[in-house]
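A short write-up of the structure that comes next.
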Amino acid sequence: MRLDKSYQPKLHEQQIYSLWEQKHAFEPSIEGDPYSIVMPPPNANANLHMGYELTAALEDIMARYQRSLGRSVLLVPGADHAGFETQSVYEKHLAKQGRSRFDFSRDSLYQQIWDFVAENRVGFETMIRRMGVSCDWSKFTFTLDDKIVKRAYATFKQMWDDGLIYRGERLVNFCTYHGTAFADIEVVYKEEQGSLWYIKYPLVDGEGEIVVATTRPETMLGDTAVAVNPKDKRYQDYIGKSVKLPLTNREIPILADEFVDMKYATGAVKITPAHDPNDFEVGKRHDLPFISVITHEGKIAHDVPEAYRGLNIAEARQKIVIDLKGQGLLAKTRPMVHSVGHCYKCGTIIEPLLKDQWFVNMQPLAKEAIGLLNSGGISFYPESKKDELIRYLTGLKDWNISRQIAWGIPIPAFQSLDDPEEWIYDERVDQELIKVDGREYRRDPDTFDTWFSSSSWPYATLDYPDGDSYRRFYPLSVMETGSDILYPWVSRMIMLGLYVTKKPPFKSVYLHGYIRSEEGLKMSKSLGNVVDPMPLIEEYGSDAVRIGIIGGQAPGANRNFDPRNITEARNFCNKLWNIARFISEKVDSFDSEGFDFSSDFDHWIVGRYRLTKNKHVKLMNDYRFSEAYENIYHFIWDDLADWYIEASKNSPNPKLLIGLLKAVLVMVHPFAPFLSETIWQSFSLKDESLLSQKQLIDLAQEDKALAKRFSAIRELIIEVRSIQKLVDSTKAKLFYDSGESQKLVADFATLIKQLTKLSAVEKSSAGQGIAISKAGIRCRLSIDEKQIERYIQRLDKQIAEEQALVKQLEGRLSNEGYIKKAPDSLVKQSRKQLELARDNLKESLSKKRRLSL
RNA sequence: GGGGCUAUAGCUCAGUCGGCUAGAGCGCAGCAUUCACAUUGCUGAGGCCCAUGGUUCGAGUCCAUGUAGCCCCACCA
């Protein structure tokens, strides 16, 4: 068991992961209380980014910690088909070959993308392994797996039967390049320079005209009304009259509607119900005709004057403006900046177009969810996200679940060829036409919004309703995911979970913020500031990247990526490695059974360990991972390495060294799984892995009085070092006299000499040197008289601080309110503090007096 | 326009139920060096906890207002 001089993650990580897999160590144990997490599925077709590293790290930390408490842990991995994302990647791939998706049938396109994704999925699974995620690969689920599709169908059917599903013609955000609708959330708005055109609409009877303003003159071909505010005095006479729509000669009414802003432009608005969300609402209120003048291909439609048919939008706009000008109907043109919706993928301007879509009536579902949240049925980390979610659910609108893309789950609905109003539910989606009772039906060409199927993720992955996993592990212990998908995903999992399983899908929700770039910007491909975790894992090791990314990360808060955290974590890993290396040179067996205390520092370190372990459990149970890591870090580095190991060098206690190492490895394992297991394996003679350790290690109870002796020596050493530095003295000697505390110094003379580099630690009653006292120890330090002035300066500073403290405590204790209202224990504590502060001050003052003589 | 988050050391961030003489890592200054580790050790400097009010015996922490930055939603004829 020889260890290299420094920890080389590359030499061990992959081997260690294979070992775990060979031992089936990631499968839930038979015994133990169940603990379950289903991982949010990342895009199977893209490289995993830093955000997923964070997810993976947090969930794996939770899983490994719970295993170390003896629970039966299920961590389910998965991958997302990422509908539209993946389809557009594939389209780019096709474009390189000079082809497009329109060259293929929907079914053939689906098959091609399936194969394309299957190839890339291998690399994706490798990445999760490199991250060290201890997930049960036998439960791996893809969002297009049969059980997920079946579940989506069952849910759709249930909703259909319950009357929660309806079909409606609505305006959708349509990308004419991709040929699909988007959710509101997916549209990116950009400020753009445009124009506001003022157009005269002549009245039908009598003289005059009404002037409307628009940024989109081409949509006027679809106008079916002009609206003014009912309170607008300027237009009272116009309400109820009609105008002749220029260029088309259609007659359309002037109507009154509250939505019109009198102050904006002319206060008269052209209404195009088929191409504007507000106008759509007005159209419905006033029962106006809906005339679509823009097609799904982004061209002008056929039922408009011949001159404009088939033009694209820009051409039509130009021609219409010219024609209006020619007829003297263009009152004026003003430049203006307005925000325009774009496809987040290709940048094409999003057109609001009418489309028949499937909707889910969200009111009943949201109500249930709100009730659950209000009753505290799910705990949130951070807690504030719960109220945020309740607010969101309260204002929730109906959900459009239709998407016009091939790469998704086909909607199992068929339309009658005879009666377009008649729709039936049927799962034979592999056929375009089906026959039922002698009537023919055509398949809905649309697919589900991916959030629809992924909302069933917590139970569909566990084989609801009959699977063993479902019975044992549902509801999930925790749902850990990014706070950015609180609305689209977490909310829907809760609503559908309640609807389908009648239970909340998880007991708690842990939301992490996102990792921003070093400059504090959002990481995105277009900015080119995305950090790929793989090269970092390659260079620093998987554990270091994991620790570096969770370090200082509180739940819900966004944080800038800071590579220094990873370097720090790498150094820590190396530190632990070298502790193990030191221990490996002092021991010849991994057996720590029945160790004996043989020194005061043995007692001290065991006491420190107990404190650390108790704090560890508390912090981990509260999901305070970053603090839990710091707790272990300081125990290992400050207590174990800097003091215990140093003190051990003279007289090592092999069994305790091993006992401590084992205990530390179990505790640190969730944070540094590869490193801890590598060390464990290099020591262990038995055929077992660290990962399957069932509990945190307890060490025998120390003697507190003996531990305190070492504590005192430790403080003395720190004080001596500090004075030595201050006075620049390397050749000083430490003198002690007879007495109880002096015996302590005598016992540790060798260690003190080693750790302070004093030239001697000896007994003397001559009284030479300056007096120092620390933690009840009194002794004297010989320092160069010429440098004593510097020591006095430090004393002065110390005295000033001590005086300030005494004054503060005196003030506090002379405050009647404090004595009366603060808890007794606190007041007692303050009294003690004051007593101590006074003693210290007295000591310092007398010290100074003697030195000044 | 509506909502949210953040503001603490030069930098990146912790700070639970209000008890703080405010912490960590990095960075900085100085010193050390065969013997587990330079991915090291030791010592140190460095803070009006954004501002102003309030609640309280007591506020970095709770409340109000403001300022600055980030984000989300809605609207933009």
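Just remember, in the structure tokens the first chain shown is A, the second B, etc., residues are 1-based per chain, and ligands are 1-based in the order shown.
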What are the closest atom pairs, with distances in Å to one decimal, for all residues of chain B lying within 12 Å of chain A? Consider only C-alpha atoms (C1' of nucleotides), order rows by chain and residue number, and present the result as a Markdown table.
```
| residue | atom | partner | partner_atom | distance |
| --- | --- | --- | --- | --- |
| B:G3 | C1' | A:Glu388 | CA | 9.0 |
| B:G4 | C1' | A:Glu388 | CA | 8.0 |
| B:C5 | C1' | A:Ala557 | CA | 7.8 |
| B:U6 | C1' | A:Ala557 | CA | 8.5 |
| B:C11 | C1' | A:Asp562 | CA | 9.7 |
| B:U12 | C1' | A:Asp562 | CA | 6.2 |
| B:C13 | C1' | A:Gly552 | CA | 5.4 |
| B:A14 | C1' | A:Gly552 | CA | 6.1 |
| B:G15 | C1' | A:Glu627 | CA | 9.8 |
| B:U16 | C1' | A:Asp622 | CA | 9.1 |
| B:G18 | C1' | A:Ala822 | CA | 11.5 |
| B:G19 | C1' | A:Leu826 | CA | 7.3 |
| B:U21 | C1' | A:Leu805 | CA | 6.7 |
| B:G23 | C1' | A:Glu630 | CA | 11.4 |
| B:A24 | C1' | A:Glu630 | CA | 7.9 |
| B:G25 | C1' | A:Glu568 | CA | 7.0 |
| B:C26 | C1' | A:Arg564 | CA | 6.5 |
| B:G27 | C1' | A:Arg564 | CA | 10.5 |
| B:G30 | C1' | A:Lys725 | CA | 9.0 |
| B:C31 | C1' | A:Lys725 | CA | 7.6 |
| B:A32 | C1' | A:Lys757 | CA | 10.4 |
| B:C35 | C1' | A:Lys649 | CA | 10.7 |
| B:A36 | C1' | A:Phe582 | CA | 4.1 |
| B:C37 | C1' | A:Asn578 | CA | 5.4 |
| B:A38 | C1' | A:Asn571 | CA | 11.1 |
| B:U39 | C1' | A:Asn571 | CA | 4.6 |
| B:U40 | C1' | A:Lys575 | CA | 9.3 |
| B:G41 | C1' | A:Asp642 | CA | 8.6 |
| B:C42 | C1' | A:Arg721 | CA | 7.7 |
| B:U43 | C1' | A:Ser722 | CA | 6.0 |
| B:G44 | C1' | A:Ser722 | CA | 9.0 |
| B:U56 | C1' | A:Gly817 | CA | 10.2 |
| B:C57 | C1' | A:Tyr818 | CA | 3.7 |
| B:G58 | C1' | A:Tyr818 | CA | 7.5 |
| B:G69 | C1' | A:Gly520 | CA | 10.5 |
| B:C70 | C1' | A:Gly520 | CA | 8.7 |
| B:C71 | C1' | A:Lys522 | CA | 9.9 |
| B:C72 | C1' | A:Asp484 | CA | 9.2 |
| B:C73 | C1' | A:Ile185 | CA | 9.2 |
| B:A74 | C1' | A:Asp184 | CA | 11.1 |
| B:C75 | C1' | A:Asn278 | CA | 10.0 |
| B:C76 | C1' | A:His338 | CA | 6.4 |
| B:A77 | C1' | A:Val269 | CA | 5.1 |
```
